[in-house]
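Comments concern the structure below.
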Amino acid sequence: MDPQAPNETPPLGLAIHLLGPPRVERDGRPLPAPRGHKVWGLLAYLVRSESPVSRKQLAGLLFEDAEDPLAALRWNLSELRRLLDSADLRGDLLALALAPATYVDLRAVLSGSWAQALCVPGLDRELLEGMNFSGSPAFEVWLATERRHLQAAAEAVLREAALARMAAGAMAEAATLAGRLVRHNPLDENYQALLVRSLAACGDGVGAARQAAACRELFQRELGVQPGATLDAALRTATATPTARPATGRAAALAQLEAGEAAIGAGALDAGLQCLRRAIVEADATGDTALRARARVALGGALVHAARGRDEEGATALHEALEVGRNASPALAAAACRELGYVEFLRGRYERTLAWLQRAAPLAGGDRAEQARIATVHGSALSDTAHYTAAISLLREAEALGAAAGDHKQLAYALSMLGRALLLHGELDAAADALDRSVALAQPGWTAFVPWPQSLRAEVDLLRGDVEAAANRFEHAFALGCQIGDPCWEGIAGRGLGRVAMARGEPRRAAEILVDALARCVRLPDAYLWGKGYALDALCGVAVAEAMPQASAWINELQDLAARSGMRELTVRACLHRGALGDSASTAAAALLAGQIDNPALQTLAGL
C-alpha cells in the first residue's frame with residue numbers, strides 16, 4: 001500500500017471540525033452543539049492564535065455589541081469548556097491547550113501532509129460555513145482573512161497531491177486532483193497548466209487540448225488576456241522525452257548531467273535543459289536509483305532557478321526525484337525537499353514551505369552548505385509572514401553556515417534576506433551593513449543577483465531621508481533588472497522608483513511607476529508573490545493619500561493576496577489603508593493583528 005495514500009479512518013478521541021458546518025466529535029460521535037454561534041467563533045480564533053489572548057481583547061473582538069462584553073465572554077468560555085470537556089481557559093490570558101492526540105481539521109490542512117489534508121471532510125468548505133458575525137465587525141474582518149487563507153491552503157495541498165501522484169505514476173488520480181484544484185480557482189494559470197499536463201500524461205490528449213482551449217477562452221473573457229507560455233508548455237513538455245534510444249549507460253548519463261549543469265552555469269539555458277533531460281533518460285536506462293534521482297534534482301533545480309516561468313515543471317521533476325530515489329542519498333532528498341520548499345515560498349504557500357523544510361533539515365546531516373540553503377529559505381519564509389525575531393535569528397545562522405561552507409553566492413543570498421528582515425523590522429543600520437556585504441559579494445561574479453540587495457539597500461537610504469542616494473541605487477538596480485529580464489528585480493526596483501517619486505512630491509508620477517512595477521513583477525506565473533504585495537502596499541499608500549478612485553480596488557487586491565498567503569504585516573497594512581478610507585472595523589482589526597506581530601514600528605502605525 002502507498003504510504004502516502006489517504007487514510008479515511010475517523011480519528012479517535014477529541015476531533016474539532018471547523019471547515020464546513022462546525023462540530024466537535026469524540027471517538028467519531030458528534031457532541032451536542034453549544035448554545036450560540038459565538039462559541040464557534042471563539043474556538044476558531046483560539047485555535048488560530050499563535051500566542052495567548054487577553055480577555056479584554058477577546059471581549060472587544062467578539063462581544064462589543066453586548067451590554068457587558070466581559071460577562072458575555074465568561075458565559076461563552078464556560079460553554080466552550082463544556083464542549084471540550086476542559087478545565088482550561090481560565091485567567092486573564094487565554095490559550096487553547098489541547099491534548100497532543102486531539103484532531104483539528106485546520107491543523108491537518110495547514111501543517112499536515114497532503115495525504116492527511118485530503119482526508120479532511122471539509123477540505124473544500126469554508127471556515128465556520130454559514131455563520132456570520134455582523135454584530136462583531138472586527139471579528140468579521142478577521143474571519144474573512146482566515147477564510148481566504150484556508151482556501152489557499154486547501155489549494156496548496158491539492159496541488160501538492162496532484163504532483164505527488166503524477167510522480168508516482170498515478171496519472172488518473174493526478175488529473176482528478178488537478179480538476180478539483182481548477183474548480184477551486186479556475187483563474188490560476190499554474191493550476192490550469194497542471195490539469196492540462198496531467199490529462200496529457202494519462203493519455204487523454206484530446207481532453208488536454210480541450211482544457212487548454214477552455215482555459216484560453218476563460219482568461220480572455222474574465223481577464224481580457226491570454227494565458228502565458230506555461231499552458232502551451234504543459235501540452236508538450238514531459239520531464240524527460242527521449243529523442244533517441246538510450247544505450248550508453250552510466251558514463252553517458254554522468255556526461256550529460258555534467259554538461260547540462262555546466263551549460264546552465266554558463267547561461268546556455270536551452271542547451272543545458274536538453275542535456276539534463278537526456279541525462280534523465282540515460283540514468284533511467286541504468287536502473288541506478290541515486291543517479292536517476294540526481295538527474296531529476298538537477299533538472300528541477302535548473303527549471304526553478306534558471307528557467308523563468310517553469311517552476312511547475314521543475315516541481316514535477318523534484319517530486320519524481322523523491323519518488324524514484326526513496327532509498328537513495330539523503331543529501332539528494334534534502335536538496336529536492338528544500339527546492340520544493342523554495343517553490344512554495346515564491347508563491348506564498350508558507351505552510352507547505354515549512355513542511356518541506358522540516359523534512360529536508362534532518363536529511364541534510366552535517367552538510368553545511370545544504371543547511372545554509374535550508375536555513376535561508378526558512379528564515380525568508382518567516383520574514384515574509386512577519387515572524388521577524390525568529391527570521392533574523394535563522395538568517396544569521398544561515399549567514400554563519402554559508403561563510404563556513406565558503407559558498408559566496410549562498411552567503412550573498414542569505415545576507416540579502418537578513419538585510420531585508422532587519423529593514424522591515426526597522427533596524428536600519430544593521431540592514432545597511434548586511435545589504436552592503438551582499439552587494440559586495442555578488443558584484444564580482446553574480447551580477448544578475450545585484451538588483452535585489454541593491455534595491456533593498458536603496459530603501460534604507462529612503463527611510464533615512466537620503467532621497468538622491470536612494471534614487472541612484474534604484475535606477476541602477478532597475479536598469480540592470482531590465483537588462484537581465486528578471487520580473488522580480490524589475491518589480492522591486494520599480495517600487496522603489498515609485499517611492500522616490502512620492503518623496504519628491506510627484507504622487508501621480510509615483511502611481512504610474514508603481515502600476516508599471518506591479519505589471520512587471522507578475523508577468524510570469526511563478527514570480528515572487530511577496531514582491532507583488534510589497535509593491536501593492538506602496539501603491540495603496542499613494543492612492544489613499546491622493547484619494548484616487550482606484551484605491552479601494554487596490555486595497556482589495558492587497559488584502560486578498562496577503563490573507564491567502566498569510567503575509568501578516570501586509571494584512572495589517574491593507575486593513576490600515578482601508579481604515580484610512582473610513583472603515584473603523586478594519587482599523588480595529590489592524591490593531592488586533594498588529595498586536596500579534598513582533599514589529600514595534602508596525603504596532604506604532606496601528607496605534608498600539
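Letters for chains follow the order of the C-alpha cells (A, B, ...), residue numbers begin at 1 for each chain, and ligand numbers begin at 1 in the order shown.
Using only C-alpha atoms, the residues found no farther than 10 Å from Ala375 of chain A, other than those of its own chain fewer than 5 positions away, are Arg338, Leu357, Ala361, Ala369, Glu370, Ser380, Ala381, Ala391, Ser393, Leu394, Leu395, Arg396, Glu397, Ala398, Glu399, Leu401, Gly402 and Ala414 of chain A.
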- Message: Which residues are near segment 500-503 of chain A? Cut-off 9 Å, only C-alpha atoms, ignore same chain within fewer than 6 positions. Put them as a list in words.
- Response: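 Those residues are Leu462, Gly465, Val467, Glu468, Ala470, Ala471, Phe474, Arg509, Ala510, Ala511, Ile513 and Val542 of chain A.
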- Task: Pick out the closest residue to Ala178 of chain A from this set: A:Met166, A:Arg359, A:Gly541, A:Cys119. Count only C-alpha atoms.
- Result: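 Closest residue, counting only C-alpha atoms: A:Met166.
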- Message: For the alpha helix (DSSP H) assignment from backbone DSSP, which residues of segment 142-241 of chain A qualify? Please present them as a PyMOL selection string.
- Response: chain A and resi 142-167+171-184+189-201+205-223+229-236
- Item | Proximity to Ala317 of chain A - best of A:Met417, A:Val377, A:Ala168, A:Ala138, only C-alpha atoms | A:Ala168
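Atom to atom, atom CA of Ala412 of chain A and atom CA of Leu497 of chain A stand 23.6 Å apart.
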- May I ask which of the residues A:Arg23, A:Arg564, A:Arg159, A:Arg308 is the closest one to Val522 of chain A, counting only C-alpha atoms? A:Arg308
- Message: When you look at Ala574 of chain A with a cut-off of 10 Å (counting only C-alpha atoms), what residues show up, excluding the ones that are within fewer than 3 positions of it in the same chain? I need them as a list in words.
- Response: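 Counting only C-alpha atoms, the residues come to Gly533, Leu536, Asp537, Cys540, Gly541, Trp554, Ile555, Asn556, Glu557, Leu558, Gln559, Asp560, Leu561, Ala562, Ala563, Arg568, Glu569, Leu570, Thr571, His577, Arg578, Gly579, Ala580, Ser586, Thr587 and Ala590 of chain A.
Among the candidates A:Leu58, A:Leu80, A:Leu110, A:Ala543, the one nearest to Leu94 of chain A when counting only C-alpha atoms is A:Leu58.
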- Message: List the spatial neighbours of Glu427 of chain A as a VMD selection string - criterion: any atom at most 12 Å away, only C-alpha atoms, same-chain residues fewer than 5 positions off excluded.
- Response: chain A and resid 388 to 389 392 418 to 422 432 to 434 460 463 to 464 599 to 601
Could those selected residues go to a file with N, CA and C atoms, as a CSV table (one decimal), in the first residue's frame?
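Result file is selection-v7.csv:
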```csv
chain,number,residue,atom,x,y,z
A,388,TYR,N,9.5,38.2,12.7
A,388,TYR,CA,10.8,38.8,12.5
A,388,TYR,C,11.9,38.3,13.4
A,389,THR,N,11.6,38.2,14.7
A,389,THR,CA,12.7,37.8,15.6
A,389,THR,C,13.2,36.4,15.2
A,392,ILE,N,15.2,36.6,11.8
A,392,ILE,CA,16.5,37.2,11.9
A,392,ILE,C,17.5,36.2,12.5
A,418,LEU,N,18.6,38.5,5.2
A,418,LEU,CA,18.8,39.0,6.5
A,418,LEU,C,18.7,40.5,6.5
A,419,GLY,N,19.3,41.2,5.5
A,419,GLY,CA,19.1,42.7,5.4
A,419,GLY,C,17.7,43.1,5.2
A,420,ARG,N,16.9,42.3,4.5
A,420,ARG,CA,15.5,42.7,4.3
A,420,ARG,C,14.7,42.5,5.6
A,421,ALA,N,15.0,41.4,6.3
A,421,ALA,CA,14.2,41.2,7.6
A,421,ALA,C,14.6,42.4,8.5
A,422,LEU,N,15.8,42.7,8.6
A,422,LEU,CA,16.2,43.8,9.5
A,422,LEU,C,15.6,45.1,9.1
A,432,ALA,N,21.6,48.0,6.6
A,432,ALA,CA,22.6,48.5,5.6
A,432,ALA,C,23.9,47.7,5.6
A,433,ASP,N,24.3,47.3,6.8
A,433,ASP,CA,25.6,46.5,6.8
A,433,ASP,C,25.4,45.2,6.1
A,434,ALA,N,24.3,44.5,6.3
A,434,ALA,CA,24.1,43.2,5.7
A,434,ALA,C,23.9,43.3,4.2
A,460,VAL,N,16.8,51.5,2.5
A,460,VAL,CA,17.4,52.0,3.7
A,460,VAL,C,17.7,53.5,3.5
A,463,LEU,N,14.5,55.5,3.8
A,463,LEU,CA,14.0,55.7,5.1
A,463,LEU,C,14.8,56.6,6.0
A,464,ARG,N,16.1,56.7,5.6
A,464,ARG,CA,17.0,57.6,6.3
A,464,ARG,C,16.8,59.1,5.8
A,599,ASN,N,6.9,43.6,15.7
A,599,ASN,CA,7.5,44.7,14.9
A,599,ASN,C,7.0,46.0,15.6
A,600,PRO,N,7.8,46.7,16.4
A,600,PRO,CA,7.4,47.9,17.1
A,600,PRO,C,6.9,49.0,16.1
A,601,ALA,N,7.6,49.1,15.0
A,601,ALA,CA,7.2,50.2,14.0
A,601,ALA,C,5.8,50.0,13.5
```
- Query: Hey, what's within 7 Å of Ala283 of chain A if we count only C-alpha atoms and toss same-chain stuff fewer than 6 positions away? As a list in words, please?
  - Reply: Arg250, Ala253, Leu291 and Arg292 of chain A
- Message: Using Å and a single decimal, report how far atom CA of Glu50 of chain A sits from atom CA of Leu84 of chain A.
- Response: 19.6 Å
